[in-house]
Structure formats: C-alpha cells, structure tokens
$ cat target.tsv   # TSV, N, CA and C atoms
chain	number	residue	atom	x	y	z
A	1	VAL	N	46.56	71.08	-33.04
A	1	VAL	CA	47.40	70.00	-33.48
A	1	VAL	C	46.78	68.69	-33.00
A	2	HIS	N	46.58	67.78	-33.90
A	2	HIS	CA	45.99	66.49	-33.56
A	2	HIS	C	47.06	65.55	-33.00
A	3	GLY	N	46.63	64.46	-32.39
A	3	GLY	CA	47.54	63.50	-31.81
A	3	GLY	C	48.59	63.01	-32.80
A	4	PHE	N	49.81	62.90	-32.32
A	4	PHE	CA	50.96	62.41	-33.09
A	4	PHE	C	51.28	63.28	-34.31
A	5	GLU	N	50.81	64.52	-34.30
A	5	GLU	CA	51.20	65.49	-35.32
A	5	GLU	C	52.19	66.46	-34.68
A	6	LEU	N	52.75	67.32	-35.49
A	6	LEU	CA	53.71	68.28	-34.97
A	6	LEU	C	53.52	69.63	-35.63
A	7	ILE	N	54.11	70.62	-35.01
A	7	ILE	CA	54.15	71.95	-35.58
A	7	ILE	C	55.60	72.43	-35.50
A	8	ARG	N	55.92	73.40	-36.29
A	8	ARG	CA	57.24	74.01	-36.23
A	8	ARG	C	57.08	75.38	-35.60
A	9	VAL	N	57.99	75.70	-34.72
A	9	VAL	CA	57.97	76.99	-34.05
A	9	VAL	C	59.26	77.71	-34.41
A	10	ARG	N	59.12	78.93	-34.84
A	10	ARG	CA	60.29	79.73	-35.18
A	10	ARG	C	60.26	80.97	-34.31
A	11	PHE	N	61.37	81.27	-33.69
A	11	PHE	CA	61.42	82.45	-32.84
A	11	PHE	C	62.83	83.04	-32.87
A	12	ARG	N	62.91	84.30	-32.51
A	12	ARG	CA	64.20	84.98	-32.47
A	12	ARG	C	64.87	84.64	-31.15
A	13	ALA	N	66.04	84.05	-31.22
A	13	ALA	CA	66.76	83.62	-30.02
A	13	ALA	C	67.70	84.74	-29.56
A	14	ASP	N	67.11	85.74	-28.91
A	14	ASP	CA	67.92	86.88	-28.46
A	14	ASP	C	67.68	87.21	-26.98
A	15	ASN	N	67.19	86.22	-26.21
A	15	ASN	CA	66.90	86.46	-24.81
A	15	ASN	C	67.35	85.24	-24.00
A	16	PRO	N	68.64	85.17	-23.61
A	16	PRO	CA	69.15	84.00	-22.90
A	16	PRO	C	68.31	83.67	-21.68
A	17	GLY	N	68.03	82.39	-21.52
A	17	GLY	CA	67.26	81.95	-20.37
A	17	GLY	C	66.74	80.55	-20.56
A	18	VAL	N	65.99	80.10	-19.57
A	18	VAL	CA	65.32	78.80	-19.62
A	18	VAL	C	63.84	79.09	-19.71
A	19	TRP	N	63.23	78.70	-20.81
A	19	TRP	CA	61.85	79.10	-21.10
A	19	TRP	C	60.96	77.87	-21.24
A	20	PHE	N	59.88	77.86	-20.49
A	20	PHE	CA	58.91	76.76	-20.50
A	20	PHE	C	57.79	77.10	-21.47
A	21	MET	N	57.45	76.18	-22.36
A	21	MET	CA	56.38	76.41	-23.32
A	21	MET	C	55.38	75.27	-23.23
A	22	ASP	N	54.12	75.62	-23.10
A	22	ASP	CA	53.07	74.60	-23.08
A	22	ASP	C	51.82	75.21	-23.70
A	23	CYS	N	50.77	74.43	-23.77
A	23	CYS	CA	49.54	74.92	-24.39
A	23	CYS	C	48.50	75.34	-23.36
A	24	HIS	N	48.89	75.45	-22.09
A	24	HIS	CA	48.02	75.92	-21.01
A	24	HIS	C	46.90	74.94	-20.65
A	25	LEU	N	47.07	73.69	-20.97
A	25	LEU	CA	46.14	72.66	-20.52
A	25	LEU	C	46.88	71.82	-19.48
A	26	ALA	N	46.40	71.82	-18.26
A	26	ALA	CA	47.13	71.19	-17.16
A	26	ALA	C	47.42	69.71	-17.43
A	27	TRP	N	46.48	69.00	-18.03
A	27	TRP	CA	46.73	67.57	-18.25
A	27	TRP	C	47.83	67.35	-19.28
A	28	HIS	N	48.06	68.32	-20.18
A	28	HIS	CA	49.18	68.22	-21.11
A	28	HIS	C	50.50	68.27	-20.35
A	29	GLU	N	50.60	69.22	-19.42
A	29	GLU	CA	51.82	69.31	-18.63
A	29	GLU	C	52.03	68.02	-17.84
A	30	TYR	N	50.97	67.53	-17.23
A	30	TYR	CA	51.04	66.31	-16.43
A	30	TYR	C	51.54	65.12	-17.27
A	31	ASN	N	51.14	65.07	-18.52
A	31	ASN	CA	51.53	63.98	-19.41
A	31	ASN	C	52.81	64.29	-20.20
A	32	GLY	N	53.46	65.39	-19.89
A	32	GLY	CA	54.73	65.69	-20.52
A	32	GLY	C	54.63	66.34	-21.88
A	33	VAL	N	53.46	66.91	-22.21
A	33	VAL	CA	53.29	67.57	-23.51
A	33	VAL	C	53.63	69.05	-23.32
A	34	ALA	N	54.90	69.29	-23.14
A	34	ALA	CA	55.42	70.64	-22.96
A	34	ALA	C	56.89	70.58	-23.35
A	35	VAL	N	57.52	71.72	-23.44
A	35	VAL	CA	58.93	71.76	-23.83
A	35	VAL	C	59.63	72.87	-23.05
A	36	VAL	N	60.89	72.67	-22.78
A	36	VAL	CA	61.72	73.69	-22.15
A	36	VAL	C	62.82	74.05	-23.13
A	37	PHE	N	62.89	75.32	-23.49
A	37	PHE	CA	63.97	75.82	-24.34
A	37	PHE	C	65.06	76.37	-23.44
A	38	VAL	N	66.29	75.97	-23.69
A	38	VAL	CA	67.43	76.57	-22.99
A	38	VAL	C	68.17	77.38	-24.05
A	39	GLU	N	67.98	78.67	-23.98
A	39	GLU	CA	68.56	79.56	-24.98
A	39	GLU	C	69.88	80.13	-24.49
A	40	ALA	N	70.91	79.97	-25.30
A	40	ALA	CA	72.26	80.48	-25.03
A	40	ALA	C	72.81	79.98	-23.70
A	41	PRO	N	72.93	78.64	-23.54
A	41	PRO	CA	73.42	78.12	-22.26
A	41	PRO	C	74.81	78.63	-21.89
A	42	ASP	N	75.65	78.89	-22.88
A	42	ASP	CA	76.98	79.41	-22.58
A	42	ASP	C	76.91	80.79	-21.95
A	43	VAL	N	75.98	81.63	-22.41
A	43	VAL	CA	75.79	82.96	-21.83
A	43	VAL	C	75.22	82.83	-20.42
A	44	LEU	N	74.26	81.93	-20.25
A	44	LEU	CA	73.65	81.71	-18.93
A	44	LEU	C	74.70	81.31	-17.90
A	45	GLN	N	75.62	80.44	-18.29
A	45	GLN	CA	76.65	79.98	-17.35
A	45	GLN	C	77.53	81.13	-16.88
A	46	GLN	N	77.68	82.16	-17.71
A	46	GLN	CA	78.47	83.32	-17.32
A	46	GLN	C	77.66	84.29	-16.47
A	47	GLN	N	76.33	84.33	-16.67
A	47	GLN	CA	75.49	85.30	-15.98
A	47	GLN	C	74.90	84.79	-14.67
A	48	GLN	N	74.71	83.48	-14.54
A	48	GLN	CA	74.01	82.92	-13.39
A	48	GLN	C	74.78	81.72	-12.85
A	49	SER	N	74.49	81.40	-11.61
A	49	SER	CA	75.06	80.19	-11.03
A	49	SER	C	73.97	79.46	-10.24
A	50	VAL	N	74.13	78.16	-10.13
A	50	VAL	CA	73.18	77.34	-9.38
A	50	VAL	C	73.60	77.37	-7.91
A	51	PRO	N	72.66	77.65	-7.01
A	51	PRO	CA	73.02	77.67	-5.59
A	51	PRO	C	73.61	76.34	-5.13
A	52	GLU	N	74.61	76.39	-4.28
A	52	GLU	CA	75.31	75.20	-3.81
A	52	GLU	C	74.36	74.18	-3.18
A	53	GLU	N	73.33	74.65	-2.46
A	53	GLU	CA	72.40	73.70	-1.83
A	53	GLU	C	71.62	72.91	-2.88
A	54	MET	N	71.36	73.49	-4.05
A	54	MET	CA	70.69	72.77	-5.13
A	54	MET	C	71.62	71.71	-5.72
A	55	ILE	N	72.88	72.05	-5.88
A	55	ILE	CA	73.86	71.10	-6.40
A	55	ILE	C	73.99	69.92	-5.44
A	56	GLU	N	74.04	70.19	-4.15
A	56	GLU	CA	74.15	69.12	-3.16
A	56	GLU	C	72.91	68.24	-3.17
A	57	MET	N	71.72	68.82	-3.34
A	57	MET	CA	70.49	68.04	-3.40
A	57	MET	C	70.53	67.08	-4.60
A	58	CYS	N	71.01	67.56	-5.74
A	58	CYS	CA	71.13	66.70	-6.92
A	58	CYS	C	72.11	65.57	-6.67
A	59	LYS	N	73.24	65.89	-6.08
A	59	LYS	CA	74.25	64.87	-5.82
A	59	LYS	C	73.71	63.78	-4.90
A	60	ARG	N	72.92	64.16	-3.88
A	60	ARG	CA	72.35	63.17	-2.96
A	60	ARG	C	71.40	62.21	-3.68
A	61	GLN	N	70.82	62.67	-4.80
A	61	GLN	CA	69.88	61.84	-5.56
A	61	GLN	C	70.54	61.22	-6.79
A	62	ASN	N	71.87	61.31	-6.87
A	62	ASN	CA	72.63	60.79	-8.01
A	62	ASN	C	72.20	61.40	-9.33
A	63	ILE	N	71.84	62.69	-9.30
A	63	ILE	CA	71.49	63.43	-10.51
A	63	ILE	C	72.74	64.18	-10.97
A	64	PRO	N	73.14	64.03	-12.24
A	64	PRO	CA	74.34	64.72	-12.71
A	64	PRO	C	74.24	66.23	-12.51
A	65	THR	N	75.33	66.84	-12.13
A	65	THR	CA	75.35	68.29	-11.92
A	65	THR	C	76.21	69.02	-12.95
A	66	GLN	N	76.70	68.29	-13.92
A	66	GLN	CA	77.48	68.90	-15.00
A	66	GLN	C	77.08	68.27	-16.31
A	67	GLY	N	77.31	68.97	-17.40
A	67	GLY	CA	77.04	68.42	-18.73
A	67	GLY	C	75.67	68.82	-19.25
A	68	ASN	N	75.23	68.12	-20.28
A	68	ASN	CA	73.94	68.42	-20.92
A	68	ASN	C	72.80	67.70	-20.20
A	69	GLY	N	71.65	67.60	-20.85
A	69	GLY	CA	70.49	66.97	-20.24
A	69	GLY	C	70.70	65.51	-19.87
A	70	ALA	N	71.67	64.86	-20.48
A	70	ALA	CA	72.00	63.48	-20.15
A	70	ALA	C	73.17	63.40	-19.17
A	71	GLY	N	73.69	64.58	-18.78
A	71	GLY	CA	74.85	64.60	-17.88
A	71	GLY	C	76.15	64.35	-18.59
A	72	ASN	N	76.17	64.50	-19.92
A	72	ASN	CA	77.35	64.25	-20.73
A	72	ASN	C	77.85	65.55	-21.34
A	73	PRO	N	79.12	65.58	-21.78
A	73	PRO	CA	79.63	66.78	-22.44
A	73	PRO	C	79.08	66.93	-23.87
A	74	GLY	N	79.01	68.16	-24.33
A	74	GLY	CA	78.63	68.45	-25.71
A	74	GLY	C	77.27	67.91	-26.11
A	75	PHE	N	77.22	67.28	-27.28
A	75	PHE	CA	75.96	66.77	-27.83
A	75	PHE	C	75.77	65.28	-27.57
A	76	ASP	N	76.57	64.69	-26.70
A	76	ASP	CA	76.45	63.27	-26.39
A	76	ASP	C	75.22	63.03	-25.53
A	77	MET	N	74.17	62.46	-26.11
A	77	MET	CA	72.93	62.22	-25.39
A	77	MET	C	72.74	60.74	-25.02
A	78	SER	N	73.84	59.97	-25.05
A	78	SER	CA	73.72	58.56	-24.66
A	78	SER	C	73.31	58.48	-23.20
A	79	GLU	N	72.57	57.44	-22.88
A	79	GLU	CA	72.04	57.19	-21.54
A	79	GLU	C	70.98	58.20	-21.11
A	80	LEU	N	70.44	58.96	-22.05
A	80	LEU	CA	69.32	59.84	-21.75
A	80	LEU	C	68.09	58.98	-21.51
A	81	PRO	N	67.29	59.27	-20.49
A	81	PRO	CA	66.09	58.44	-20.28
A	81	PRO	C	65.21	58.44	-21.53
A	82	PRO	N	64.51	57.34	-21.79
A	82	PRO	CA	63.67	57.29	-22.98
A	82	PRO	C	62.52	58.29	-22.89
A	83	ALA	N	62.06	58.73	-24.06
A	83	ALA	CA	60.91	59.63	-24.11
A	83	ALA	C	59.68	58.89	-23.65
A	84	VAL	N	58.76	59.60	-23.06
A	84	VAL	CA	57.51	59.00	-22.60
A	84	VAL	C	56.42	59.42	-23.57
A	85	TYR	N	55.74	58.45	-24.14
A	85	TYR	CA	54.66	58.73	-25.08
A	85	TYR	C	53.34	58.34	-24.45
A	86	PRO	N	52.32	59.17	-24.61
A	86	PRO	CA	51.03	58.82	-24.03
A	86	PRO	C	50.44	57.56	-24.70
A	87	SER	N	49.77	56.76	-23.93
A	87	SER	CA	49.14	55.58	-24.51
A	87	SER	C	47.88	55.98	-25.25
A	88	SER	N	47.58	55.30	-26.33
A	88	SER	CA	46.40	55.68	-27.12
A	88	SER	C	45.28	54.72	-26.90

$ encode --input "target.tsv" --output "structure tokens"
Amino acid sequence: VHGFELIRVRFRADNPGVWFMDCHLAWHEYNGVAVVFVEAPDVLQQQQSVPEEMIEMCKRQNIPTQGNGAGNPGFDMSELPPAVYPSS
C-alpha cells in the first residue's frame, strides 16, 4: 500500500478480544501506522475486568476509565484527540 492509500480488511468477528494489527515494520508502529480492533466489547466486559490498580493509575493521570475511546458513552467521539498524520 502506497502512502495515503488504503486497503479494506474483511474478517470473521467471532473471537472477542482486543487485537493489534500492524505490518511488522517497527517504524510504522512508532509513527502510529497500526490499528487495534476491539471485537465484541460487550462480551469482553462480561468475561474480563480491568485490575483496580490499572484503573487507579488512569485516574491519577486524568485518563477516562469509562466509556468509549473518547471516554464518552455510545458512539459519541467528541473531544477525541486528533489523528496524527505523518509529515511528507
């Protein structure tokens, strides 16, 4: 895939979990060219819990401990940090 192009990935979503996907080039990870899939978060919340010491660490750093990636309920992504794009 060339710069500023995209690909579509299709997969069977039948394995709840948090899955990291990258292209195995370390500098891509360093520059944020990777993705994390959170599959079936509702199932995960029933099967797993976050250790209390991790929740406390987040709270000390003012990191939201509830909600979506922006710390909001549902699909509300307001106040999500802006995406970082590599400089060309």

$ select_by_dssp --input "target.tsv" --residues "chain A" --states "alpha helix (DSSP H)" --output "list in words"
Ala26, Trp27, His28, Glu29, Tyr30, Pro41, Asp42, Val43, Leu44, Gln45, Gln46, Gln47, Glu52, Glu53, Met54, Ile55, Glu56, Met57, Cys58, Lys59 and Arg60 of chain A

$ atom_distance --input "target.tsv" --atom1 "atom CA of Gly17 of chain A" --atom2 "atom C of Glu39 of chain A"
5.2 Å

$ atom_distance --input "target.tsv" --atom1 "atom C of Leu25 of chain A" --atom2 "atom N of Gly69 of chain A"
25.2 Å

$ axis_aligned_box --input "target.tsv" --around "segment 67-75 of chain A" --padding-each-side "4 Å" --output "AutoDock Vina command-line options"
--center_x 75.1 --center_y 66.2 --center_z -22.6 --size_x 17.1 --size_y 13.6 --size_z 18.4

$ atom_distance --input "target.tsv" --atom1 "atom N of Gln48 of chain A" --atom2 "atom C of Ser78 of chain A"
26.5 Å
